[in-house]
$ cat query_0.cif   # mmCIF, C-alpha atoms and all ligand atoms
data_protein
#
loop_
_atom_site.group_PDB
_atom_site.id
_atom_site.type_symbol
_atom_site.label_atom_id
_atom_site.label_comp_id
_atom_site.auth_asym_id
_atom_site.auth_seq_id
_atom_site.Cartn_x
_atom_site.Cartn_y
_atom_site.Cartn_z
ATOM 1 C CA MET A 48 -14.489 8.329 21.936
ATOM 2 C CA LYS A 49 -15.657 10.059 18.739
ATOM 3 C CA ILE A 50 -13.379 10.381 15.735
ATOM 4 C CA ASN A 51 -13.854 11.915 12.307
ATOM 5 C CA VAL A 52 -11.866 10.609 9.385
ATOM 6 C CA THR A 53 -12.070 10.849 5.617
ATOM 7 C CA VAL A 54 -11.457 7.438 4.107
ATOM 8 C CA ASN A 55 -10.949 7.084 0.357
ATOM 9 C CA GLY A 56 -12.730 10.397 -0.075
ATOM 10 C CA THR A 57 -15.728 9.645 2.162
ATOM 11 C CA ALA A 58 -16.213 11.244 5.583
ATOM 12 C CA HIS A 59 -16.846 8.903 8.520
ATOM 13 C CA GLU A 60 -17.697 9.606 12.134
ATOM 14 C CA ALA A 61 -17.261 6.750 14.592
ATOM 15 C CA ASP A 62 -17.511 6.123 18.300
ATOM 16 C CA ILE A 63 -14.664 3.795 19.251
ATOM 17 C CA GLU A 64 -12.758 2.551 22.259
ATOM 18 C CA PRO A 65 -9.595 4.646 22.731
ATOM 19 C CA ARG A 66 -7.431 1.480 22.573
ATOM 20 C CA THR A 67 -8.618 0.563 19.047
ATOM 21 C CA LEU A 68 -5.746 0.159 16.611
ATOM 22 C CA LEU A 69 -6.144 1.914 13.275
ATOM 23 C CA VAL A 70 -5.910 -1.385 11.372
ATOM 24 C CA HIS A 71 -8.792 -2.840 13.389
ATOM 25 C CA PHE A 72 -10.855 0.300 12.844
ATOM 26 C CA ILE A 73 -10.267 0.081 9.077
ATOM 27 C CA ARG A 74 -11.044 -3.632 8.847
ATOM 28 C CA GLU A 75 -13.777 -4.055 11.431
ATOM 29 C CA ASN A 76 -15.577 -0.708 11.596
ATOM 30 C CA LEU A 77 -15.233 0.243 7.943
ATOM 31 C CA ASN A 78 -15.183 -3.307 6.476
ATOM 32 C CA LEU A 79 -12.203 -2.401 4.287
ATOM 33 C CA THR A 80 -10.470 -5.756 4.492
ATOM 34 C CA GLY A 81 -7.915 -5.070 1.756
ATOM 35 C CA THR A 82 -5.678 -3.762 4.543
ATOM 36 C CA HIS A 83 -4.125 -6.953 5.895
ATOM 37 C CA ILE A 84 -2.660 -8.019 9.230
ATOM 38 C CA GLY A 85 0.446 -10.142 8.756
ATOM 39 C CA CYS A 86 2.189 -9.856 12.116
ATOM 40 C CA ASP A 87 1.749 -8.297 15.506
ATOM 41 C CA THR A 88 5.157 -6.694 15.689
ATOM 42 C CA SER A 89 5.055 -3.827 13.145
ATOM 43 C CA HIS A 90 7.449 -5.749 10.909
ATOM 44 C CA CYS A 91 5.587 -6.979 7.843
ATOM 45 C CA GLY A 92 3.950 -3.867 6.388
ATOM 46 C CA ALA A 93 0.853 -5.750 5.165
ATOM 47 C CA CYS A 94 -1.262 -3.182 7.022
ATOM 48 C CA THR A 95 0.280 -0.125 5.319
ATOM 49 C CA ILE A 96 -2.129 2.691 4.447
ATOM 50 C CA LEU A 97 -1.684 6.380 3.637
ATOM 51 C CA LEU A 98 -2.427 8.802 6.483
ATOM 52 C CA ASP A 99 -2.517 12.349 5.148
ATOM 53 C CA GLY A 100 -0.451 11.013 2.234
ATOM 54 C CA GLN A 101 2.221 9.332 4.344
ATOM 55 C CA SER A 102 2.581 5.568 4.383
ATOM 56 C CA VAL A 103 1.952 4.222 7.869
ATOM 57 C CA LYS A 104 1.780 0.728 9.325
ATOM 58 C CA SER A 105 -1.773 0.943 10.606
ATOM 59 C CA CYS A 106 -1.174 -1.729 13.269
ATOM 60 C CA THR A 107 1.338 0.622 14.837
ATOM 61 C CA ILE A 108 -0.931 3.532 15.696
ATOM 62 C CA LEU A 109 -4.246 4.073 17.407
ATOM 63 C CA ALA A 110 -7.356 4.977 15.456
ATOM 64 C CA VAL A 111 -7.750 8.105 17.594
ATOM 65 C CA GLN A 112 -4.436 9.339 16.173
ATOM 66 C CA ALA A 113 -6.149 9.458 12.775
ATOM 67 C CA ASN A 114 -8.797 11.875 14.031
ATOM 68 C CA ASP A 115 -9.398 14.719 11.543
ATOM 69 C CA LYS A 116 -7.031 13.103 9.033
ATOM 70 C CA THR A 117 -7.412 11.487 5.631
ATOM 71 C CA ILE A 118 -6.852 7.796 5.123
ATOM 72 C CA GLN A 119 -6.309 6.058 1.828
ATOM 73 C CA THR A 120 -6.510 2.284 1.577
ATOM 74 C CA ILE A 121 -6.040 -0.103 -1.320
ATOM 75 C CA GLU A 122 -9.795 0.063 -1.977
ATOM 76 C CA GLY A 123 -9.389 3.735 -2.902
ATOM 77 C CA MET A 124 -6.654 3.142 -5.456
ATOM 78 C CA ALA A 125 -8.863 2.035 -8.337
ATOM 79 C CA ALA A 126 -11.320 4.948 -8.195
ATOM 80 C CA ASN A 127 -10.602 5.810 -11.847
ATOM 81 C CA GLY A 128 -9.757 2.356 -13.185
ATOM 82 C CA LEU A 129 -6.681 0.427 -12.140
ATOM 83 C CA HIS A 130 -3.966 2.608 -10.650
ATOM 84 C CA PRO A 131 -0.642 2.337 -12.572
ATOM 85 C CA LEU A 132 0.782 0.454 -9.563
ATOM 86 C CA GLN A 133 -2.055 -2.069 -9.661
ATOM 87 C CA GLU A 134 -1.562 -2.390 -13.419
ATOM 88 C CA GLY A 135 2.188 -2.800 -12.865
ATOM 89 C CA PHE A 136 1.705 -5.637 -10.395
ATOM 90 C CA HIS A 137 -0.691 -7.288 -12.835
ATOM 91 C CA GLU A 138 1.569 -6.870 -15.873
ATOM 92 C CA ASN A 139 4.776 -7.954 -14.121
ATOM 93 C CA HIS A 140 3.487 -10.790 -11.975
ATOM 94 C CA GLY A 141 4.325 -8.785 -8.854
ATOM 95 C CA LEU A 142 2.371 -11.051 -6.576
ATOM 96 C CA HIS A 143 1.924 -14.693 -5.790
ATOM 97 C CA CYS A 144 -0.364 -15.158 -2.789
ATOM 98 C CA GLY A 145 -1.114 -11.432 -2.776
ATOM 99 C CA TYR A 146 -1.120 -11.060 0.991
ATOM 100 C CA CYS A 147 1.591 -8.386 1.039
ATOM 101 C CA THR A 148 0.362 -6.637 -2.106
ATOM 102 C CA PRO A 149 -1.983 -3.982 -0.672
ATOM 103 C CA GLY A 150 0.715 -2.819 1.742
ATOM 104 C CA MET A 151 3.365 -2.890 -1.001
ATOM 105 C CA ILE A 152 1.186 -0.774 -3.283
ATOM 106 C CA MET A 153 0.383 1.780 -0.588
ATOM 107 C CA ARG A 154 4.052 2.047 0.367
ATOM 108 C CA ALA A 155 5.109 2.322 -3.292
ATOM 109 C CA SER A 156 2.497 5.002 -3.807
ATOM 110 C CA GLU A 157 4.171 7.298 -1.288
ATOM 111 C CA LEU A 158 7.606 6.355 -2.644
ATOM 112 C CA LEU A 159 6.625 7.482 -6.173
ATOM 113 C CA ALA A 160 4.900 10.617 -4.861
ATOM 114 C CA ASN A 161 8.207 11.695 -3.291
ATOM 115 C CA ASN A 162 10.506 10.314 -5.990
ATOM 116 C CA PRO A 163 8.811 9.867 -9.386
ATOM 117 C CA ASN A 164 11.867 8.269 -11.014
ATOM 118 C CA PRO A 165 13.548 6.084 -8.388
ATOM 119 C CA THR A 166 16.534 3.873 -9.104
ATOM 120 C CA GLU A 167 16.254 0.152 -8.474
ATOM 121 C CA ASP A 168 18.221 0.609 -5.247
ATOM 122 C CA GLU A 169 15.900 3.393 -4.128
ATOM 123 C CA ILE A 170 12.880 1.169 -4.781
ATOM 124 C CA ARG A 171 14.440 -1.721 -2.854
ATOM 125 C CA TRP A 172 15.295 0.577 0.042
ATOM 126 C CA GLY A 173 11.865 2.200 -0.143
ATOM 127 C CA ILE A 174 9.991 -1.086 0.273
ATOM 128 C CA SER A 175 12.425 -2.581 2.767
ATOM 129 C CA GLY A 176 9.865 -2.223 5.567
ATOM 130 C CA ASN A 177 7.420 -4.447 3.688
ATOM 131 C CA LEU A 178 7.957 -8.193 3.723
ATOM 132 C CA CYS A 179 6.949 -10.637 1.000
ATOM 133 C CA ARG A 180 7.196 -14.368 1.615
ATOM 134 C CA CYS A 181 6.499 -15.397 -1.977
ATOM 135 C CA THR A 182 8.060 -13.384 -4.746
ATOM 136 C CA GLY A 183 11.733 -12.752 -4.036
ATOM 137 C CA TYR A 184 10.964 -9.061 -4.669
ATOM 138 C CA ASN A 185 12.323 -8.912 -8.253
ATOM 139 C CA ASN A 186 8.896 -8.727 -9.855
ATOM 140 C CA ILE A 187 7.685 -6.283 -7.206
ATOM 141 C CA VAL A 188 10.549 -3.972 -8.175
ATOM 142 C CA LYS A 189 9.662 -4.364 -11.870
ATOM 143 C CA SER A 190 6.024 -3.599 -11.054
ATOM 144 C CA ILE A 191 6.987 -0.352 -9.338
ATOM 145 C CA GLN A 192 9.328 0.556 -12.213
ATOM 146 C CA TYR A 193 6.396 -0.025 -14.594
ATOM 147 C CA ALA A 194 4.180 2.336 -12.565
ATOM 148 C CA SER A 195 6.954 4.904 -12.297
ATOM 149 C CA ALA A 196 7.366 5.007 -16.099
ATOM 150 C CA LYS A 197 3.619 5.110 -16.722
ATOM 151 C CA MET A 198 3.052 7.910 -14.195
ATOM 152 C CA ARG A 199 5.826 9.940 -15.872
ATOM 153 C CA GLY A 200 4.029 9.557 -19.215
ATOM 154 C CA GLU A 201 6.484 7.029 -20.638
ATOM 155 C CA THR A 202 5.650 3.651 -22.138
ATOM 156 C CA PRO A 203 6.583 1.028 -19.566
ATOM 157 C CA ALA A 204 9.012 -1.613 -20.795
ATOM 158 C CA SER A 205 7.431 -5.012 -21.321
ATOM 159 C CA THR A 206 8.811 -7.757 -19.137
ATOM 160 C CA GLU A 207 7.129 -10.483 -21.146
ATOM 161 C CA PRO A 208 9.619 -12.982 -22.617
ATOM 162 C CA GLN A 209 10.622 -12.159 -26.186
ATOM 163 C CA PHE A 210 10.521 -15.056 -28.666
ATOM 164 C CA VAL A 211 12.450 -14.705 -31.918
HETATM 165 S S1 LIG A 301 0.415 -6.162 10.477
HETATM 166 FE FE1 LIG A 301 1.226 -4.165 10.631
HETATM 167 S S2 LIG A 301 3.336 -4.415 10.231
HETATM 168 FE FE2 LIG A 301 2.554 -6.445 10.177
HETATM 169 S S1 LIG A 302 2.915 -12.264 -2.711
HETATM 170 FE FE1 LIG A 302 2.727 -13.621 -1.024
HETATM 171 S S2 LIG A 302 3.547 -12.519 0.617
HETATM 172 FE FE2 LIG A 302 3.983 -11.294 -1.097
#

$ encode --input "query_0.cif" --output "structure tokens"
Amino acid sequence: MKINVTVNGTAHEADIEPRTLLVHFIRENLNLTGTHIGCDTSHCGACTILLDGQSVKSCTILAVQANDKTIQTIEGMAANGLHPLQEGFHENHGLHCGYCTPGMIMRASELLANNPNPTEDEIRWGISGNLCRCTGYNNIVKSIQYASAKMRGETPASTEPQFV
């Protein structure tokens, strides 16, 4: 079955089996392996991408459902240098093993698009569909707060320890 998708700004046409999951299409047909597979139950969110701007667990839908739509993956986030979310995760130690990070960033990207100045509770609720086994989430929240401030034109607060 033929599908046409625009991925990170580039148009692709592909001939795929109708049963192909979107995550497998992204990883295996497009070789964009930043989108991870962390479960087979739609729980972990490691496979989150943006489909027409909405965050979607790409293991949960078929590739044919993305026909004529735009897809953004983590590989498309640094088109103009590091995205403020990527910078935030770097500056605030928002990752340990990094396995959940692409999905967290894609999810947070939609969260900030809909709510540029979220409260801590709104961030925690917003990423509640994405699991992290390493960080305890505190630094992920700080990373998203950093990006939120930067994207609103403010200077993000430093979370580095202060020595006096
Ligand atoms: S791999 Fe998609 S939710 Fe876990
Ligand atoms: S940083 Fe390891 S799973 Fe989140």

$ residues_around --input "query_0.cif" --residues "Pro65 in chain A" --least-positions-apart "4" --cutoff "8 Å" --atoms "only C-alpha atoms" --output "ChimeraX atom specification"
/A:48,109-111

$ write_last_selection --input "query_0.cif" --atoms "C-alpha atoms" --output "PDB file, in the frame of the given file"
ATOM      1  CA  MET A  48     -14.489   8.329  21.936  1.00  0.00           C
ATOM      2  CA  LEU A 109      -4.246   4.073  17.407  1.00  0.00           C
ATOM      3  CA  ALA A 110      -7.356   4.977  15.456  1.00  0.00           C
ATOM      4  CA  VAL A 111      -7.750   8.105  17.594  1.00  0.00           C
TER       5      VAL A 111
END

$ residues_around --input "query_0.cif" --residues "range 124-136 of chain A" --least-positions-apart "4" --cutoff "9 Å" --atoms "only C-alpha atoms" --output "mmCIF file with C-alpha atoms, in the coordinates of the input"
data_model
loop_
_atom_site.group_PDB
_atom_site.id
_atom_site.type_symbol
_atom_site.label_atom_id
_atom_site.label_comp_id
_atom_site.auth_asym_id
_atom_site.auth_seq_id
_atom_site.Cartn_x
_atom_site.Cartn_y
_atom_site.Cartn_z
ATOM 1 C CA ASN A 55 -10.949 7.084 0.357
ATOM 2 C CA GLN A 119 -6.309 6.058 1.828
ATOM 3 C CA THR A 120 -6.510 2.284 1.577
ATOM 4 C CA HIS A 140 3.487 -10.790 -11.975
ATOM 5 C CA GLY A 141 4.325 -8.785 -8.854
ATOM 6 C CA LEU A 142 2.371 -11.051 -6.576
ATOM 7 C CA THR A 148 0.362 -6.637 -2.106
ATOM 8 C CA ILE A 152 1.186 -0.774 -3.283
ATOM 9 C CA MET A 153 0.383 1.780 -0.588
ATOM 10 C CA ALA A 155 5.109 2.322 -3.292
ATOM 11 C CA SER A 156 2.497 5.002 -3.807
ATOM 12 C CA ASN A 186 8.896 -8.727 -9.855
ATOM 13 C CA ILE A 187 7.685 -6.283 -7.206
ATOM 14 C CA LYS A 189 9.662 -4.364 -11.870
ATOM 15 C CA SER A 190 6.024 -3.599 -11.054
ATOM 16 C CA ILE A 191 6.987 -0.352 -9.338
ATOM 17 C CA GLN A 192 9.328 0.556 -12.213
ATOM 18 C CA TYR A 193 6.396 -0.025 -14.594
ATOM 19 C CA ALA A 194 4.180 2.336 -12.565
ATOM 20 C CA SER A 195 6.954 4.904 -12.297
ATOM 21 C CA LYS A 197 3.619 5.110 -16.722
ATOM 22 C CA MET A 198 3.052 7.910 -14.195
ATOM 23 C CA PRO A 203 6.583 1.028 -19.566
#

$ resolve_selection --input "query_0.cif" --expression "the PyMOL selection byres (((not hetatm)) within 7 of (chain A and resi 301))" --output "PyMOL selection string"
chain A and resi 83-95+104-107

$ residues_near_ligand --input "query_0.cif" --ligand "ligand LIG 302 (chain A)" --cutoff "8 Å" --atoms "all atoms listed in the file" --output "list of chain:residue names"
A:Gly141, A:Leu142, A:His143, A:Cys144, A:Gly145, A:Tyr146, A:Cys147, A:Thr148, A:Leu178, A:Cys179, A:Arg180, A:Cys181, A:Thr182

$ write_last_selection --input "query_0.cif" --atoms "C-alpha atoms" --output "short mmCIF file (atom, residue, chain, number, x, y, z; two decimals), in the frame of the given file"
data_model
loop_
_atom_site.label_atom_id
_atom_site.label_comp_id
_atom_site.auth_asym_id
_atom_site.auth_seq_id
_atom_site.Cartn_x
_atom_site.Cartn_y
_atom_site.Cartn_z
CA GLY A 141 4.32 -8.78 -8.85
CA LEU A 142 2.37 -11.05 -6.58
CA HIS A 143 1.92 -14.69 -5.79
CA CYS A 144 -0.36 -15.16 -2.79
CA GLY A 145 -1.11 -11.43 -2.78
CA TYR A 146 -1.12 -11.06 0.99
CA CYS A 147 1.59 -8.39 1.04
CA THR A 148 0.36 -6.64 -2.11
CA LEU A 178 7.96 -8.19 3.72
CA CYS A 179 6.95 -10.64 1.00
CA ARG A 180 7.20 -14.37 1.62
CA CYS A 181 6.50 -15.40 -1.98
CA THR A 182 8.06 -13.38 -4.75
#

$ resolve_selection --input "query_0.cif" --expression "the PyMOL selection byres (((chain A and resi 98) around 10) and not hetatm)" --output "list in words"
Thr53, Val54, Thr95, Ile96, Leu97, Asp99, Gly100, Gln101, Ser102, Val103, Lys104, Ser105, Gln112, Ala113, Lys116, Thr117, Ile118, Gln119 and Thr120 of chain A

$ write_last_selection --input "query_0.cif" --atoms "C-alpha atoms" --output "PDB file, in the coordinates of the input"
ATOM      1  CA  THR A  53     -12.070  10.849   5.617  1.00  0.00           C
ATOM      2  CA  VAL A  54     -11.457   7.438   4.107  1.00  0.00           C
ATOM      3  CA  THR A  95       0.280  -0.125   5.319  1.00  0.00           C
ATOM      4  CA  ILE A  96      -2.129   2.691   4.447  1.00  0.00           C
ATOM      5  CA  LEU A  97      -1.684   6.380   3.637  1.00  0.00           C
ATOM      6  CA  ASP A  99      -2.517  12.349   5.148  1.00  0.00           C
ATOM      7  CA  GLY A 100      -0.451  11.013   2.234  1.00  0.00           C
ATOM      8  CA  GLN A 101       2.221   9.332   4.344  1.00  0.00           C
ATOM      9  CA  SER A 102       2.581   5.568   4.383  1.00  0.00           C
ATOM     10  CA  VAL A 103       1.952   4.222   7.869  1.00  0.00           C
ATOM     11  CA  LYS A 104       1.780   0.728   9.325  1.00  0.00           C
ATOM     12  CA  SER A 105      -1.773   0.943  10.606  1.00  0.00           C
ATOM     13  CA  GLN A 112      -4.436   9.339  16.173  1.00  0.00           C
ATOM     14  CA  ALA A 113      -6.149   9.458  12.775  1.00  0.00           C
ATOM     15  CA  LYS A 116      -7.031  13.103   9.033  1.00  0.00           C
ATOM     16  CA  THR A 117      -7.412  11.487   5.631  1.00  0.00           C
ATOM     17  CA  ILE A 118      -6.852   7.796   5.123  1.00  0.00           C
ATOM     18  CA  GLN A 119      -6.309   6.058   1.828  1.00  0.00           C
ATOM     19  CA  THR A 120      -6.510   2.284   1.577  1.00  0.00           C
TER      20      THR A 120
END

$ atom_distance --input "query_0.cif" --atom1 "CA of Gly176 in chain A" --atom2 "CA of Thr57 in chain A"
28.4 Å

$ closest_residue --input "query_0.cif" --among "A:Asn51, A:Thr67, A:Asn161, A:Asn76" --to "Asp115 in chain A" --atoms "all atoms listed in the file"
A:Asn51

$ resolve_selection --input "query_0.cif" --expression "the PyMOL selection byres (((chain A and resi 50) around 6) and not hetatm)" --output "PyMOL selection string"
chain A and resi 49+51+60-61+114

$ write_last_selection --input "query_0.cif" --atoms "C-alpha atoms" --output "JSON list (two decimals), in the coordinates of the input"
[["chain", "number", "residue", "atom", "x", "y", "z"],
["A", 49, "LYS", "CA", -15.66, 10.06, 18.74],
["A", 51, "ASN", "CA", -13.85, 11.92, 12.31],
["A", 60, "GLU", "CA", -17.70, 9.61, 12.13],
["A", 61, "ALA", "CA", -17.26, 6.75, 14.59],
["A", 114, "ASN", "CA", -8.80, 11.88, 14.03]]

$ closest_residue --input "query_0.cif" --among "A:Glu138, A:Glu157, A:Glu122, A:Glu75" --to "Ile174 in chain A" --atoms "all atoms listed in the file"
A:Glu157

$ atom_distance --input "query_0.cif" --atom1 "CA of Gly183 in chain A" --atom2 "CA of Thr82 in chain A"
21.4 Å

$ atom_distance --input "query_0.cif" --atom1 "CA of Val70 in chain A" --atom2 "CA of Gly150 in chain A"
11.8 Å

$ closest_residue --input "query_0.cif" --among "A:Ala196, A:Pro149, A:Tyr184, A:Ala204" --to "Pro165 in chain A" --atoms "all atoms listed in the file"
A:Ala196

$ closest_residue --input "query_0.cif" --among "A:His59, A:His137, A:Arg199, A:Arg154" --to "Ile73 in chain A" --atoms "all atoms listed in the file"
A:His59

$ decode --input "query_0.cif" --residues "range 115-195 of chain A" --atoms "C-alpha atoms" --output "PDB file, in the first residue's frame"
ATOM      1  CA  ASP A 115      -0.891  12.634   3.788  1.00  0.00           C
ATOM      2  CA  LYS A 116       0.183  13.882   7.224  1.00  0.00           C
ATOM      3  CA  THR A 117       3.295  15.502   8.646  1.00  0.00           C
ATOM      4  CA  ILE A 118       5.517  13.700  11.097  1.00  0.00           C
ATOM      5  CA  GLN A 119       8.127  15.271  13.310  1.00  0.00           C
ATOM      6  CA  THR A 120      10.679  13.128  15.110  1.00  0.00           C
ATOM      7  CA  ILE A 121      13.502  13.982  17.480  1.00  0.00           C
ATOM      8  CA  GLU A 122      15.868  14.156  14.493  1.00  0.00           C
ATOM      9  CA  GLY A 123      13.924  17.179  13.232  1.00  0.00           C
ATOM     10  CA  MET A 124      14.194  19.130  16.467  1.00  0.00           C
ATOM     11  CA  ALA A 125      17.724  20.443  15.992  1.00  0.00           C
ATOM     12  CA  ALA A 126      17.242  21.830  12.473  1.00  0.00           C
ATOM     13  CA  ASN A 127      18.370  25.295  13.619  1.00  0.00           C
ATOM     14  CA  GLY A 128      20.755  24.320  16.411  1.00  0.00           C
ATOM     15  CA  LEU A 129      19.624  22.682  19.622  1.00  0.00           C
ATOM     16  CA  HIS A 130      15.940  23.175  20.351  1.00  0.00           C
ATOM     17  CA  PRO A 131      15.329  24.900  23.738  1.00  0.00           C
ATOM     18  CA  LEU A 132      13.987  21.562  25.037  1.00  0.00           C
ATOM     19  CA  GLN A 133      17.166  19.758  24.002  1.00  0.00           C
ATOM     20  CA  GLU A 134      19.200  22.554  25.588  1.00  0.00           C
ATOM     21  CA  GLY A 135      17.043  22.310  28.722  1.00  0.00           C
ATOM     22  CA  PHE A 136      17.652  18.584  29.080  1.00  0.00           C
ATOM     23  CA  HIS A 137      21.369  19.195  28.605  1.00  0.00           C
ATOM     24  CA  GLU A 138      21.561  22.089  31.074  1.00  0.00           C
ATOM     25  CA  ASN A 139      19.444  20.433  33.776  1.00  0.00           C
ATOM     26  CA  HIS A 140      20.685  16.866  33.560  1.00  0.00           C
ATOM     27  CA  GLY A 141      17.239  15.756  32.395  1.00  0.00           C
ATOM     28  CA  LEU A 142      18.430  12.358  31.312  1.00  0.00           C
ATOM     29  CA  HIS A 143      20.456   9.458  32.561  1.00  0.00           C
ATOM     30  CA  CYS A 144      20.330   6.560  30.102  1.00  0.00           C
ATOM     31  CA  GLY A 145      18.472   8.748  27.611  1.00  0.00           C
ATOM     32  CA  TYR A 146      16.129   6.033  26.398  1.00  0.00           C
ATOM     33  CA  CYS A 147      12.958   7.954  27.267  1.00  0.00           C
ATOM     34  CA  THR A 148      14.348  11.339  26.232  1.00  0.00           C
ATOM     35  CA  PRO A 149      13.233  11.573  22.584  1.00  0.00           C
ATOM     36  CA  GLY A 150       9.659  10.717  23.561  1.00  0.00           C
ATOM     37  CA  MET A 151       9.765  13.127  26.515  1.00  0.00           C
ATOM     38  CA  ILE A 152      10.977  15.951  24.282  1.00  0.00           C
ATOM     39  CA  MET A 153       8.353  15.319  21.609  1.00  0.00           C
ATOM     40  CA  ARG A 154       5.603  15.168  24.227  1.00  0.00           C
ATOM     41  CA  ALA A 155       6.904  18.318  25.950  1.00  0.00           C
ATOM     42  CA  SER A 156       7.020  20.058  22.598  1.00  0.00           C
ATOM     43  CA  GLU A 157       3.268  19.695  22.136  1.00  0.00           C
ATOM     44  CA  LEU A 158       2.687  20.579  25.798  1.00  0.00           C
ATOM     45  CA  LEU A 159       4.533  23.912  25.384  1.00  0.00           C
ATOM     46  CA  ALA A 160       2.849  24.607  22.037  1.00  0.00           C
ATOM     47  CA  ASN A 161      -0.539  24.431  23.784  1.00  0.00           C
ATOM     48  CA  ASN A 162       0.536  25.962  27.098  1.00  0.00           C
ATOM     49  CA  PRO A 163       3.666  28.140  26.852  1.00  0.00           C
ATOM     50  CA  ASN A 164       3.849  28.791  30.605  1.00  0.00           C
ATOM     51  CA  PRO A 165       2.763  25.596  32.371  1.00  0.00           C
ATOM     52  CA  THR A 166       2.846  25.150  36.127  1.00  0.00           C
ATOM     53  CA  GLU A 167       4.915  22.342  37.596  1.00  0.00           C
ATOM     54  CA  ASP A 168       1.722  20.333  38.106  1.00  0.00           C
ATOM     55  CA  GLU A 169       0.692  20.895  34.498  1.00  0.00           C
ATOM     56  CA  ILE A 170       4.102  19.686  33.313  1.00  0.00           C
ATOM     57  CA  ARG A 171       3.908  16.591  35.524  1.00  0.00           C
ATOM     58  CA  TRP A 172       0.400  15.840  34.286  1.00  0.00           C
ATOM     59  CA  GLY A 173       1.432  16.578  30.704  1.00  0.00           C
ATOM     60  CA  ILE A 174       4.248  14.016  30.703  1.00  0.00           C
ATOM     61  CA  SER A 175       2.395  11.437  32.776  1.00  0.00           C
ATOM     62  CA  GLY A 176       2.032   9.170  29.735  1.00  0.00           C
ATOM     63  CA  ASN A 177       5.810   8.985  29.355  1.00  0.00           C
ATOM     64  CA  LEU A 178       7.773   6.724  31.668  1.00  0.00           C
ATOM     65  CA  CYS A 179      11.357   7.233  32.806  1.00  0.00           C
ATOM     66  CA  ARG A 180      13.146   4.493  34.718  1.00  0.00           C
ATOM     67  CA  CYS A 181      16.184   6.585  35.636  1.00  0.00           C
ATOM     68  CA  THR A 182      15.644  10.165  36.658  1.00  0.00           C
ATOM     69  CA  GLY A 183      12.807  10.430  39.163  1.00  0.00           C
ATOM     70  CA  TYR A 184      11.343  13.098  36.849  1.00  0.00           C
ATOM     71  CA  ASN A 185      12.509  16.148  38.862  1.00  0.00           C
ATOM     72  CA  ASN A 186      15.212  17.110  36.390  1.00  0.00           C
ATOM     73  CA  ILE A 187      12.910  16.399  33.450  1.00  0.00           C
ATOM     74  CA  VAL A 188      10.447  18.909  34.903  1.00  0.00           C
ATOM     75  CA  LYS A 189      13.260  21.450  35.374  1.00  0.00           C
ATOM     76  CA  SER A 190      14.367  20.855  31.781  1.00  0.00           C
ATOM     77  CA  ILE A 191      10.886  21.620  30.475  1.00  0.00           C
ATOM     78  CA  GLN A 192      10.642  24.697  32.721  1.00  0.00           C
ATOM     79  CA  TYR A 193      13.973  25.856  31.251  1.00  0.00           C
ATOM     80  CA  ALA A 194      12.632  25.460  27.695  1.00  0.00           C
ATOM     81  CA  SER A 195       9.366  27.151  28.610  1.00  0.00           C
TER      82      SER A 195
END
